[in-house]
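Undergrad: Just so it is clear, I am handing over target-v5.cif, which has mmCIF, C-alpha atoms.
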```cif
data_protein
loop_
_atom_site.group_PDB
_atom_site.id
_atom_site.type_symbol
_atom_site.label_atom_id
_atom_site.label_comp_id
_atom_site.auth_asym_id
_atom_site.auth_seq_id
_atom_site.Cartn_x
_atom_site.Cartn_y
_atom_site.Cartn_z
ATOM 1 C CA MET A 1 0.000 0.000 0.000
ATOM 2 C CA ALA A 2 2.870 2.389 0.785
ATOM 3 C CA ARG A 3 4.348 1.679 -2.634
ATOM 4 C CA GLY A 4 1.148 2.766 -4.369
ATOM 5 C CA GLU A 5 0.761 5.882 -2.243
ATOM 6 C CA ILE A 6 4.364 6.945 -2.821
ATOM 7 C CA LYS A 7 4.109 6.389 -6.571
ATOM 8 C CA ALA A 8 0.918 8.465 -6.726
ATOM 9 C CA GLY A 9 2.520 11.263 -4.701
ATOM 10 C CA LEU A 10 5.675 11.362 -6.822
ATOM 11 C CA ARG A 11 3.705 11.227 -10.063
ATOM 12 C CA SER A 12 1.535 14.127 -8.907
ATOM 13 C CA TRP A 13 4.620 16.178 -8.037
ATOM 14 C CA PHE A 14 6.219 15.628 -11.445
ATOM 15 C CA VAL A 15 2.997 16.631 -13.230
ATOM 16 C CA SER A 16 2.748 19.772 -11.079
ATOM 17 C CA GLU A 17 6.297 20.658 -12.175
ATOM 18 C CA GLY A 18 5.390 20.425 -15.861
ATOM 19 C CA PHE A 19 6.858 17.000 -16.591
ATOM 20 C CA VAL A 20 5.350 14.592 -19.121
ATOM 21 C CA GLU A 21 5.205 10.902 -18.175
ATOM 22 C CA VAL A 22 6.656 8.683 -20.897
ATOM 23 C CA GLU A 23 6.808 4.912 -21.358
ATOM 24 C CA PRO A 24 10.139 3.810 -22.871
ATOM 25 C CA ALA A 25 10.149 0.293 -24.269
ATOM 26 C CA CYS A 26 11.977 -2.310 -22.194
ATOM 27 C CA LEU A 27 13.103 -4.380 -25.192
ATOM 28 C CA GLN A 28 16.077 -2.731 -26.907
ATOM 29 C CA MET A 29 18.850 -3.561 -29.371
ATOM 30 C CA SER A 30 21.370 -2.534 -26.684
ATOM 31 C CA PRO A 31 20.726 -2.881 -22.945
ATOM 32 C CA GLY A 32 23.256 -0.188 -22.023
ATOM 33 C CA ASN A 33 27.035 -0.251 -22.097
ATOM 34 C CA GLU A 34 28.370 -0.248 -18.552
ATOM 35 C CA ALA A 35 31.102 -2.838 -18.080
ATOM 36 C CA HIS A 36 29.808 -4.294 -14.821
ATOM 37 C CA LEU A 37 26.076 -4.383 -15.647
ATOM 38 C CA HIS A 38 24.756 -7.673 -17.010
ATOM 39 C CA ALA A 39 21.670 -7.878 -19.177
ATOM 40 C CA LEU A 40 19.006 -10.458 -19.967
ATOM 41 C CA ALA A 41 18.872 -11.372 -23.668
ATOM 42 C CA THR A 42 16.164 -12.840 -25.863
ATOM 43 C CA ASP A 43 15.651 -13.635 -29.537
ATOM 44 C CA VAL A 44 12.892 -11.808 -31.386
ATOM 45 C CA VAL A 45 11.466 -13.991 -34.172
ATOM 46 C CA GLY A 46 10.029 -12.121 -37.159
ATOM 47 C CA PRO A 47 7.266 -13.249 -39.547
ATOM 48 C CA ASP A 48 9.946 -14.705 -41.824
ATOM 49 C CA LEU A 49 11.323 -16.652 -38.812
ATOM 50 C CA ALA A 50 14.494 -14.572 -38.858
ATOM 51 C CA ARG A 51 15.951 -14.113 -35.375
ATOM 52 C CA MET A 52 17.226 -10.855 -33.937
ATOM 53 C CA ARG A 53 19.034 -10.647 -30.609
ATOM 54 C CA ARG A 54 17.421 -8.104 -28.288
ATOM 55 C CA TYR A 55 17.923 -7.206 -24.628
ATOM 56 C CA LEU A 56 15.800 -6.112 -21.694
ATOM 57 C CA HIS A 57 17.266 -2.741 -20.829
ATOM 58 C CA THR A 58 19.272 -2.123 -17.671
ATOM 59 C CA SER A 59 18.057 1.498 -17.715
ATOM 60 C CA PRO A 60 15.681 3.575 -19.894
ATOM 61 C CA GLU A 61 18.420 6.192 -20.343
ATOM 62 C CA PHE A 62 19.143 5.731 -24.052
ATOM 63 C CA ALA A 63 15.449 5.727 -24.982
ATOM 64 C CA MET A 64 14.651 8.791 -22.880
ATOM 65 C CA LYS A 65 17.553 10.764 -24.326
ATOM 66 C CA LYS A 66 16.188 10.025 -27.802
ATOM 67 C CA LEU A 67 12.961 11.683 -26.645
ATOM 68 C CA LEU A 68 14.929 14.753 -25.519
ATOM 69 C CA ALA A 69 16.511 14.863 -28.975
ATOM 70 C CA ALA A 70 13.009 14.693 -30.458
ATOM 71 C CA GLY A 71 11.961 17.827 -28.575
ATOM 72 C CA GLU A 72 10.704 16.803 -25.125
ATOM 73 C CA THR A 73 11.977 19.065 -22.345
ATOM 74 C CA ARG A 74 10.806 17.629 -19.011
ATOM 75 C CA ILE A 75 10.059 13.897 -18.891
ATOM 76 C CA PHE A 76 9.803 11.153 -16.279
ATOM 77 C CA ALA A 77 9.094 7.423 -16.262
ATOM 78 C CA PHE A 78 8.480 4.582 -13.822
ATOM 79 C CA THR A 79 10.134 1.792 -15.795
ATOM 80 C CA PRO A 80 10.791 -1.925 -15.187
ATOM 81 C CA CYS A 81 14.526 -2.568 -15.534
ATOM 82 C CA PHE A 82 16.469 -5.825 -15.599
ATOM 83 C CA ARG A 83 19.979 -6.588 -14.365
ATOM 84 C CA ASN A 84 21.340 -10.103 -14.282
ATOM 85 C CA ARG A 85 23.588 -11.359 -11.455
ATOM 86 C CA GLU A 86 21.933 -8.941 -8.992
ATOM 87 C CA GLN A 87 19.922 -10.280 -6.054
ATOM 88 C CA GLY A 88 20.047 -9.454 -2.350
ATOM 89 C CA LEU A 89 18.798 -7.071 0.333
ATOM 90 C CA LEU A 90 18.984 -4.088 -2.023
ATOM 91 C CA HIS A 91 19.009 -5.794 -5.428
ATOM 92 C CA ALA A 92 16.430 -7.564 -7.559
ATOM 93 C CA ILE A 93 16.942 -8.849 -11.088
ATOM 94 C CA GLU A 94 13.736 -7.027 -12.098
ATOM 95 C CA PHE A 95 13.143 -3.696 -10.402
ATOM 96 C CA THR A 96 11.542 -0.300 -11.010
ATOM 97 C CA MET A 97 13.554 2.739 -12.010
ATOM 98 C CA LEU A 98 12.194 6.245 -11.651
ATOM 99 C CA GLU A 99 14.086 8.291 -14.210
ATOM 100 C CA TRP A 100 13.618 11.937 -15.163
ATOM 101 C CA TYR A 101 15.277 14.617 -17.296
ATOM 102 C CA ARG A 102 15.325 18.406 -17.443
ATOM 103 C CA ALA A 103 16.438 19.892 -20.770
ATOM 104 C CA GLY A 104 18.344 23.158 -20.519
ATOM 105 C CA GLU A 105 18.713 22.945 -16.743
ATOM 106 C CA PRO A 106 21.837 22.351 -14.607
ATOM 107 C CA TYR A 107 22.493 19.096 -12.823
ATOM 108 C CA GLU A 108 22.051 20.847 -9.499
ATOM 109 C CA ALA A 109 18.337 21.002 -10.369
ATOM 110 C CA VAL A 110 17.924 17.217 -10.609
ATOM 111 C CA MET A 111 20.169 16.865 -7.555
ATOM 112 C CA GLU A 112 17.654 18.861 -5.532
ATOM 113 C CA ASP A 113 14.797 16.910 -7.167
ATOM 114 C CA ALA A 114 16.261 13.667 -5.817
ATOM 115 C CA ALA A 115 16.546 14.997 -2.258
ATOM 116 C CA HIS A 116 13.010 16.381 -2.472
ATOM 117 C CA LEU A 117 11.587 13.056 -3.649
ATOM 118 C CA LEU A 118 13.104 11.328 -0.618
ATOM 119 C CA ARG A 119 11.436 13.877 1.651
ATOM 120 C CA LEU A 120 8.144 13.523 -0.202
ATOM 121 C CA ALA A 121 8.169 9.718 0.025
ATOM 122 C CA CYS A 122 8.806 9.809 3.782
ATOM 123 C CA ARG A 123 6.163 12.494 4.266
ATOM 124 C CA THR A 124 3.685 10.267 2.424
ATOM 125 C CA THR A 125 4.253 7.359 4.809
ATOM 126 C CA GLY A 126 4.747 9.498 7.922
ATOM 127 C CA GLN A 127 8.289 8.163 8.339
ATOM 128 C CA ARG A 128 10.089 10.900 10.297
ATOM 129 C CA LEU A 129 13.249 8.897 10.918
ATOM 130 C CA VAL A 130 14.656 6.465 8.349
ATOM 131 C CA SER A 131 16.510 3.376 9.583
ATOM 132 C CA TRP A 132 18.365 0.589 7.826
ATOM 133 C CA ARG A 133 20.859 -1.937 9.189
ATOM 134 C CA GLY A 134 21.637 0.097 12.292
ATOM 135 C CA GLY A 135 21.918 3.467 10.568
ATOM 136 C CA THR A 136 19.380 6.268 10.973
ATOM 137 C CA ALA A 137 18.739 9.568 9.223
ATOM 138 C CA ASP A 138 16.288 12.432 9.348
ATOM 139 C CA PRO A 139 15.009 12.780 5.762
ATOM 140 C CA THR A 140 13.088 15.994 6.379
ATOM 141 C CA GLY A 141 15.990 18.456 6.229
ATOM 142 C CA ALA A 142 18.422 19.497 3.543
ATOM 143 C CA ALA A 143 20.897 16.934 2.237
ATOM 144 C CA GLU A 144 24.599 17.387 2.941
ATOM 145 C CA HIS A 145 26.777 17.909 -0.150
ATOM 146 C CA ILE A 146 30.098 16.039 -0.138
ATOM 147 C CA ARG A 147 32.521 15.830 -3.077
ATOM 148 C CA VAL A 148 33.890 12.362 -3.827
ATOM 149 C CA ALA A 149 37.467 13.555 -3.227
ATOM 150 C CA GLU A 150 36.434 14.952 0.153
ATOM 151 C CA ALA A 151 34.722 11.666 1.086
ATOM 152 C CA PHE A 152 37.887 9.708 0.244
ATOM 153 C CA ARG A 153 39.950 12.027 2.436
ATOM 154 C CA ARG A 154 37.476 12.041 5.310
ATOM 155 C CA PHE A 155 36.575 8.364 5.475
ATOM 156 C CA ALA A 156 39.553 6.576 3.898
ATOM 157 C CA GLY A 157 42.531 8.901 4.304
ATOM 158 C CA ILE A 158 43.150 8.877 0.548
ATOM 159 C CA ASP A 159 43.942 11.865 -1.705
ATOM 160 C CA LEU A 160 41.997 10.600 -4.701
ATOM 161 C CA LEU A 161 42.636 13.480 -7.098
ATOM 162 C CA ALA A 162 46.386 13.053 -6.607
ATOM 163 C CA THR A 163 45.928 9.776 -8.503
ATOM 164 C CA VAL A 164 44.187 11.415 -11.490
ATOM 165 C CA GLY A 165 46.057 13.304 -14.214
ATOM 166 C CA ASP A 166 45.117 16.744 -15.483
ATOM 167 C CA ASP A 167 43.489 15.052 -18.485
ATOM 168 C CA GLY A 168 41.370 12.819 -16.236
ATOM 169 C CA ALA A 169 43.491 9.698 -16.798
ATOM 170 C CA PRO A 170 43.787 7.530 -13.651
ATOM 171 C CA ASP A 171 47.162 6.541 -12.223
ATOM 172 C CA ARG A 172 46.820 3.003 -10.895
ATOM 173 C CA GLU A 173 50.169 2.879 -9.137
ATOM 174 C CA ALA A 174 49.571 6.156 -7.313
ATOM 175 C CA LEU A 175 46.251 4.923 -5.940
ATOM 176 C CA ALA A 176 47.665 1.492 -5.111
ATOM 177 C CA ALA A 177 50.420 3.094 -3.038
ATOM 178 C CA GLN A 178 47.892 5.064 -0.993
ATOM 179 C CA VAL A 179 45.652 2.019 -0.559
ATOM 180 C CA ARG A 180 48.581 -0.084 0.706
ATOM 181 C CA ALA A 181 49.500 2.713 3.119
ATOM 182 C CA GLN A 182 46.066 2.269 4.674
ATOM 183 C CA GLY A 183 46.806 -1.428 5.274
ATOM 184 C CA ILE A 184 44.514 -2.657 2.493
ATOM 185 C CA THR A 185 45.610 -5.495 0.213
ATOM 186 C CA VAL A 186 46.184 -4.662 -3.450
ATOM 187 C CA ARG A 187 45.972 -7.599 -5.856
ATOM 188 C CA ASP A 188 48.137 -7.796 -8.975
ATOM 189 C CA GLY A 189 45.164 -7.640 -11.317
ATOM 190 C CA ASP A 190 43.466 -4.689 -9.608
ATOM 191 C CA SER A 191 42.903 -1.700 -11.870
ATOM 192 C CA TRP A 192 42.485 1.884 -10.664
ATOM 193 C CA SER A 193 38.711 1.456 -10.966
ATOM 194 C CA ASP A 194 38.817 -1.800 -8.975
ATOM 195 C CA LEU A 195 40.639 -0.092 -6.121
ATOM 196 C CA TYR A 196 38.373 2.943 -6.288
ATOM 197 C CA ALA A 197 35.226 0.798 -6.174
ATOM 198 C CA ARG A 198 36.534 -1.340 -3.293
ATOM 199 C CA ILE A 199 37.357 1.669 -1.129
ATOM 200 C CA LEU A 200 34.060 3.350 -1.976
ATOM 201 C CA ALA A 201 31.992 0.261 -1.138
ATOM 202 C CA SER A 202 33.835 -0.812 2.001
ATOM 203 C CA LEU A 203 34.972 2.398 3.698
ATOM 204 C CA ILE A 204 32.837 5.233 2.362
ATOM 205 C CA GLU A 205 29.317 4.184 1.365
ATOM 206 C CA PRO A 206 28.407 2.675 4.774
ATOM 207 C CA LYS A 207 29.111 6.099 6.349
ATOM 208 C CA LEU A 208 27.086 8.166 3.891
ATOM 209 C CA GLY A 209 23.637 9.432 4.774
ATOM 210 C CA LEU A 210 23.867 8.807 8.516
ATOM 211 C CA GLY A 211 22.042 11.519 10.443
ATOM 212 C CA GLN A 212 20.987 13.264 7.245
ATOM 213 C CA PRO A 213 20.865 12.355 3.532
ATOM 214 C CA VAL A 214 24.039 12.968 1.525
ATOM 215 C CA LEU A 215 24.519 14.075 -2.070
ATOM 216 C CA LEU A 216 27.904 12.726 -3.169
ATOM 217 C CA THR A 217 29.125 14.915 -6.042
ATOM 218 C CA GLU A 218 31.902 15.423 -8.596
ATOM 219 C CA TYR A 219 32.851 11.844 -9.415
ATOM 220 C CA PRO A 220 36.151 11.162 -11.190
ATOM 221 C CA ALA A 221 35.534 11.502 -14.918
ATOM 222 C CA VAL A 222 36.733 7.926 -15.487
ATOM 223 C CA GLU A 223 33.820 6.770 -13.279
ATOM 224 C CA ALA A 224 31.201 8.822 -15.128
ATOM 225 C CA ALA A 225 31.007 7.570 -18.714
ATOM 226 C CA LEU A 226 27.681 9.291 -19.439
ATOM 227 C CA ALA A 227 28.374 12.613 -17.694
ATOM 228 C CA ARG A 228 30.047 15.781 -18.931
ATOM 229 C CA PRO A 229 33.225 17.058 -17.251
ATOM 230 C CA THR A 230 32.844 19.887 -14.763
ATOM 231 C CA PRO A 231 33.835 23.250 -16.281
ATOM 232 C CA ALA A 232 36.251 24.054 -13.437
ATOM 233 C CA ASP A 233 38.108 20.717 -13.295
ATOM 234 C CA PRO A 234 38.161 18.159 -16.158
ATOM 235 C CA ARG A 235 39.401 15.486 -13.740
ATOM 236 C CA VAL A 236 35.877 15.219 -12.346
ATOM 237 C CA ALA A 237 32.445 15.040 -13.916
ATOM 238 C CA GLU A 238 28.937 16.285 -13.247
ATOM 239 C CA ARG A 239 27.775 13.097 -11.580
ATOM 240 C CA PHE A 240 26.134 12.716 -8.182
ATOM 241 C CA GLU A 241 24.539 10.004 -6.059
ATOM 242 C CA LEU A 242 22.010 10.355 -3.237
ATOM 243 C CA TYR A 243 22.608 8.271 -0.093
ATOM 244 C CA CYS A 244 20.480 7.702 2.984
ATOM 245 C CA CYS A 245 21.485 5.328 5.806
ATOM 246 C CA GLY A 246 24.327 4.022 3.652
ATOM 247 C CA VAL A 247 21.893 3.096 0.850
ATOM 248 C CA GLU A 248 22.477 4.502 -2.618
ATOM 249 C CA LEU A 249 19.113 5.763 -3.865
ATOM 250 C CA ALA A 250 19.805 7.830 -6.975
ATOM 251 C CA ASN A 251 22.457 8.425 -9.624
ATOM 252 C CA GLY A 252 22.357 11.597 -11.707
ATOM 253 C CA PHE A 253 24.332 13.470 -14.358
ATOM 254 C CA GLY A 254 24.867 16.623 -16.268
ATOM 255 C CA GLU A 255 24.473 14.703 -19.506
ATOM 256 C CA LEU A 256 27.276 14.205 -22.006
ATOM 257 C CA THR A 257 26.032 15.144 -25.491
ATOM 258 C CA ASP A 258 29.173 14.872 -27.634
ATOM 259 C CA PRO A 259 28.639 11.781 -29.855
ATOM 260 C CA ALA A 260 32.340 11.205 -30.552
ATOM 261 C CA ILE A 261 33.372 11.355 -26.894
ATOM 262 C CA GLN A 262 30.370 9.239 -25.911
ATOM 263 C CA ARG A 263 31.222 6.579 -28.505
ATOM 264 C CA ALA A 264 34.791 6.363 -27.245
ATOM 265 C CA LYS A 265 33.611 5.960 -23.660
ATOM 266 C CA LEU A 266 31.050 3.274 -24.539
ATOM 267 C CA GLU A 267 33.599 1.376 -26.617
ATOM 268 C CA ALA A 268 36.061 1.517 -23.723
ATOM 269 C CA GLN A 269 33.404 0.140 -21.380
ATOM 270 C CA MET A 270 32.643 -2.730 -23.766
ATOM 271 C CA ALA A 271 36.341 -3.510 -24.206
ATOM 272 C CA LEU A 272 36.645 -3.769 -20.434
ATOM 273 C CA LYS A 273 33.524 -5.939 -20.259
ATOM 274 C CA GLU A 274 34.922 -8.314 -22.861
ATOM 275 C CA LYS A 275 38.214 -8.517 -20.977
ATOM 276 C CA LEU A 276 36.529 -9.235 -17.626
ATOM 277 C CA TYR A 277 33.469 -11.258 -18.619
ATOM 278 C CA GLY A 278 34.057 -12.463 -22.173
ATOM 279 C CA GLU A 279 31.080 -10.650 -23.676
ATOM 280 C CA ARG A 280 30.080 -7.266 -25.024
ATOM 281 C CA TYR A 281 26.819 -5.559 -25.993
ATOM 282 C CA PRO A 282 26.061 -3.649 -29.207
ATOM 283 C CA ILE A 283 26.439 0.116 -29.361
ATOM 284 C CA ASP A 284 23.093 1.812 -30.048
ATOM 285 C CA GLU A 285 23.877 3.858 -33.143
ATOM 286 C CA ASP A 286 20.479 5.601 -33.002
ATOM 287 C CA PHE A 287 21.331 6.801 -29.500
ATOM 288 C CA LEU A 288 24.661 8.246 -30.647
ATOM 289 C CA ALA A 289 22.958 9.912 -33.619
ATOM 290 C CA ALA A 290 20.359 11.407 -31.282
ATOM 291 C CA LEU A 291 23.052 12.969 -29.097
ATOM 292 C CA ALA A 292 23.953 15.303 -31.953
ATOM 293 C CA HIS A 293 20.443 16.786 -31.673
ATOM 294 C CA MET A 294 19.971 16.543 -27.922
ATOM 295 C CA PRO A 295 19.922 19.830 -25.993
ATOM 296 C CA PRO A 296 22.022 20.337 -22.875
ATOM 297 C CA ALA A 297 20.212 18.425 -20.156
ATOM 298 C CA SER A 298 20.434 16.855 -16.750
ATOM 299 C CA GLY A 299 18.905 13.597 -15.615
ATOM 300 C CA CYS A 300 18.622 11.223 -12.705
ATOM 301 C CA ALA A 301 17.787 7.564 -12.132
ATOM 302 C CA LEU A 302 16.303 6.655 -8.748
ATOM 303 C CA GLY A 303 15.780 3.119 -7.458
ATOM 304 C CA PHE A 304 12.074 3.312 -6.695
ATOM 305 C CA ASP A 305 11.965 0.048 -4.747
ATOM 306 C CA ARG A 306 14.816 1.191 -2.478
ATOM 307 C CA LEU A 307 13.037 4.495 -1.878
ATOM 308 C CA VAL A 308 9.878 2.635 -0.846
ATOM 309 C CA MET A 309 11.940 0.341 1.400
ATOM 310 C CA LEU A 310 13.312 3.228 3.421
ATOM 311 C CA ALA A 311 10.092 5.225 3.504
ATOM 312 C CA ALA A 312 8.034 2.194 4.559
ATOM 313 C CA GLY A 313 10.509 0.827 7.099
ATOM 314 C CA ALA A 314 11.152 -2.394 5.147
ATOM 315 C CA THR A 315 14.379 -4.351 5.572
ATOM 316 C CA HIS A 316 14.534 -6.290 2.267
ATOM 317 C CA ILE A 317 13.685 -5.203 -1.262
ATOM 318 C CA ASP A 318 11.415 -8.238 -1.700
ATOM 319 C CA GLN A 319 9.086 -6.790 0.948
ATOM 320 C CA VAL A 320 8.101 -3.909 -1.354
ATOM 321 C CA LEU A 321 7.743 -5.873 -4.611
ATOM 322 C CA TRP A 322 4.251 -7.161 -5.438
ATOM 323 C CA THR A 323 5.657 -10.340 -7.008
ATOM 324 C CA PRO A 324 9.380 -10.709 -6.262
ATOM 325 C CA PRO A 325 11.363 -12.353 -9.087
ATOM 326 C CA THR A 326 12.232 -15.999 -8.468
#
```
Step by step, read the file and then write its structure as C-alpha cells.

TA:
Amino acid sequence: MARGEIKAGLRSWFVSEGFVEVEPACLQMSPGNEAHLHALATDVVGPDLARMRRYLHTSPEFAMKKLLAAGETRIFAFTPCFRNREQGLLHAIEFTMLEWYRAGEPYEAVMEDAAHLLRLACRTTGQRLVSWRGGTADPTGAAEHIRVAEAFRRFAGIDLLATVGDDGAPDREALAAQVRAQGITVRDGDSWSDLYARILASLIEPKLGLGQPVLLTEYPAVEAALARPTPADPRVAERFELYCCGVELANGFGELTDPAIQRAKLEAQMALKEKLYGERYPIDEDFLAALAHMPPASGCALGFDRLVMLAAGATHIDQVLWTPPT
C-alpha cells in the first residue's frame, strides 16, 4: 500500500512541475554499455522466422535521451529494468527505475529533485526517521553535499585526485600506493577502478547518509562515462549520487552530449567488459545519432523500490515488490 501511495505522490509532483510521463520500451537492441552491468537477452522472431538478438534494458536512459533529442523538455518514467547477477537485500533482477530529465537545466536542479523526492516519500508514509541496518537519518531536512574527493579524504585517508592526471586519466600505481599505506591489500590484477570501487563500497558508502541524507558529487571523470566534465576541473564530472542510511538511492548526471566522446567511452566500457566477462553488448547507433540533436540536459535515475523500502521501514527489497522475481 505504501508503494502505491508513494508512486501516486511522486507522479503528482512531477505533473505539477510540468513533466510529461513517458513509457520507454523495455526491449532494446542494446541494454546499455556499462562494463559491470549484465543484461538479460532474448531472440525476437520475425514473420519470416528470422531471429534478432534483443535485450531487456538495464536502464531507460538511451530511450529517454532520444525523446529529448526529439523535442521533449521535461520527462519522467516509472520503468521496469532488468539486471542479471543482482539479487540481495537491495538488489532484484527485475526492479523499477524512476528516471527523469530536465532539458536546458543544470544538474544541481535534478540533484535537488532527488533529495526532495526522498522527503516527499517519507512524508507520504509518515516516516520521520529512516533506519536501515543500524543506521538512521532524518530525511526531512536538507541533504549534505560532499565531493567524492572529500569523502575519500574524510573516510579513507586517501587523496583521490592526486591519482588522477590533469586530463582525467587515472594513475593506478599512485592509488595502489595510498591504498597499501592504509593497510589494504592490493591484488596484482586490480585496476584503478577496482581499487576505487573497493574503497568506496567498504569504507565510504556505509558512512554516507547517517544523520541526514548525503549528495555525493563530482565523481572522477573515469567513473562517469555518461556525464560531462565539470567546467572548473576536467578530472571530475557532473555526476552525483544520493545516499540515505548508507543506501544509494539515486544516480544523476549533467548529460554528455558529444557523440564522438560518448562513442569512445562506450567502446572503452565494452572492451573492459569483454576482458573481464568475455562478452560485449552492441552500441546503439540511433542513440549516438540522437546525441547530436539533444539539448544540454540533466537527468537522474532513482531506485524506486529502495526508496519505498526506506520510507516504509522495510528491511529487504522483496518486501516492497508485489511479485518478487524468483

Undergrad: If we count only C-alpha atoms and set the cut-off at 6 Å, which residues sit around region 48-59 of chain A, ignoring sequence neighbours fewer than 4 positions away in its own chain? Please answer as a ChimeraX atom specification.

TA: /A:26-29,31,40-44,81-83

Undergrad: Since we have the selection now, will you write its residues out, keeping C-alpha atoms, as a PDB file, in the coordinates of the input?

TA:
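Result went into selection-v4.pdb, see below:
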```pdb
ATOM      1  CA  CYS A  26      11.977  -2.310 -22.194  1.00  0.00           C
ATOM      2  CA  LEU A  27      13.103  -4.380 -25.192  1.00  0.00           C
ATOM      3  CA  GLN A  28      16.077  -2.731 -26.907  1.00  0.00           C
ATOM      4  CA  MET A  29      18.850  -3.561 -29.371  1.00  0.00           C
ATOM      5  CA  PRO A  31      20.726  -2.881 -22.945  1.00  0.00           C
ATOM      6  CA  LEU A  40      19.006 -10.458 -19.967  1.00  0.00           C
ATOM      7  CA  ALA A  41      18.872 -11.372 -23.668  1.00  0.00           C
ATOM      8  CA  THR A  42      16.164 -12.840 -25.863  1.00  0.00           C
ATOM      9  CA  ASP A  43      15.651 -13.635 -29.537  1.00  0.00           C
ATOM     10  CA  VAL A  44      12.892 -11.808 -31.386  1.00  0.00           C
ATOM     11  CA  CYS A  81      14.526  -2.568 -15.534  1.00  0.00           C
ATOM     12  CA  PHE A  82      16.469  -5.825 -15.599  1.00  0.00           C
ATOM     13  CA  ARG A  83      19.979  -6.588 -14.365  1.00  0.00           C
TER      14      ARG A  83
END
```

Undergrad: Set the distance at 6 Å and use only C-alpha atoms: which residues neighbour region 9-24 of chain A once local chain neighbours fewer than 5 positions away are removed? I'd like the list as a list of chain:residue names.

TA: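 The neighbour list is A:Arg74, A:Ile75, A:Phe76, A:Ala77.
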
Undergrad: Could you pull the residues within 6 Å of Gly303 (chain A), counting only C-alpha atoms, minus those fewer than 3 positions along the same chain, as a ChimeraX atom specification?

TA: /A:97,249,306

Undergrad: Do you know which residues the PyMOL selection byres ((chain A and resi 317) around 6) returns on this file, as a PDB file with C-alpha atoms, keeping the file's coordinate frame?

TA:
```pdb
ATOM      1  CA  LEU A  89      18.798  -7.071   0.333  1.00  0.00           C
ATOM      2  CA  LEU A  90      18.984  -4.088  -2.023  1.00  0.00           C
ATOM      3  CA  HIS A 316      14.534  -6.290   2.267  1.00  0.00           C
ATOM      4  CA  ASP A 318      11.415  -8.238  -1.700  1.00  0.00           C
ATOM      5  CA  GLN A 319       9.086  -6.790   0.948  1.00  0.00           C
ATOM      6  CA  VAL A 320       8.101  -3.909  -1.354  1.00  0.00           C
TER       7      VAL A 320
END
```

Undergrad: With the file shown as input, list the residues that the PyMOL selection byres ((chain A and resi 149) around 10) selects, as a PyMOL selection string.

TA: chain A and resi 146-148+150-154+158-162+216-220+236

Undergrad: Can you give me, as a PDB file with C-alpha atoms, keeping the file's coordinate frame, the residues this file yields under the PyMOL selection byres ((chain A and resi 325) around 10)?

TA:
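This is the output file expr-v2.pdb:
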```pdb
ATOM      1  CA  GLN A  87      19.922 -10.280  -6.054  1.00  0.00           C
ATOM      2  CA  ALA A  92      16.430  -7.564  -7.559  1.00  0.00           C
ATOM      3  CA  ILE A  93      16.942  -8.849 -11.088  1.00  0.00           C
ATOM      4  CA  GLU A  94      13.736  -7.027 -12.098  1.00  0.00           C
ATOM      5  CA  PHE A  95      13.143  -3.696 -10.402  1.00  0.00           C
ATOM      6  CA  ASP A 318      11.415  -8.238  -1.700  1.00  0.00           C
ATOM      7  CA  LEU A 321       7.743  -5.873  -4.611  1.00  0.00           C
ATOM      8  CA  TRP A 322       4.251  -7.161  -5.438  1.00  0.00           C
ATOM      9  CA  THR A 323       5.657 -10.340  -7.008  1.00  0.00           C
ATOM     10  CA  PRO A 324       9.380 -10.709  -6.262  1.00  0.00           C
ATOM     11  CA  THR A 326      12.232 -15.999  -8.468  1.00  0.00           C
TER      12      THR A 326
END
```

Undergrad: With a distance cut-off of 9 Å and all atoms listed in the file, select the neighbouring residues of Ala289 (chain A), excluding the residue or stretch itself and same-chain residues fewer than 4 positions from it, and output the selection as a PyMOL selection string.

TA: chain A and resi 66+259+284-285+293

Undergrad: Which is closer to Ala268 (chain A) than all the others in A:Glu5, A:Asn33, A:Met111, A:Asp167, using only C-alpha atoms?

TA: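 Closest to Ala268 (chain A) of all the choices is A:Asn33.
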
Undergrad: Record the distance separating CA of Pro296 (chain A) and CA of Glu223 (chain A), expressed in Å with one decimal.

TA: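 We find that CA of Pro296 (chain A) and CA of Glu223 (chain A) lie 20.4 Å from each other.
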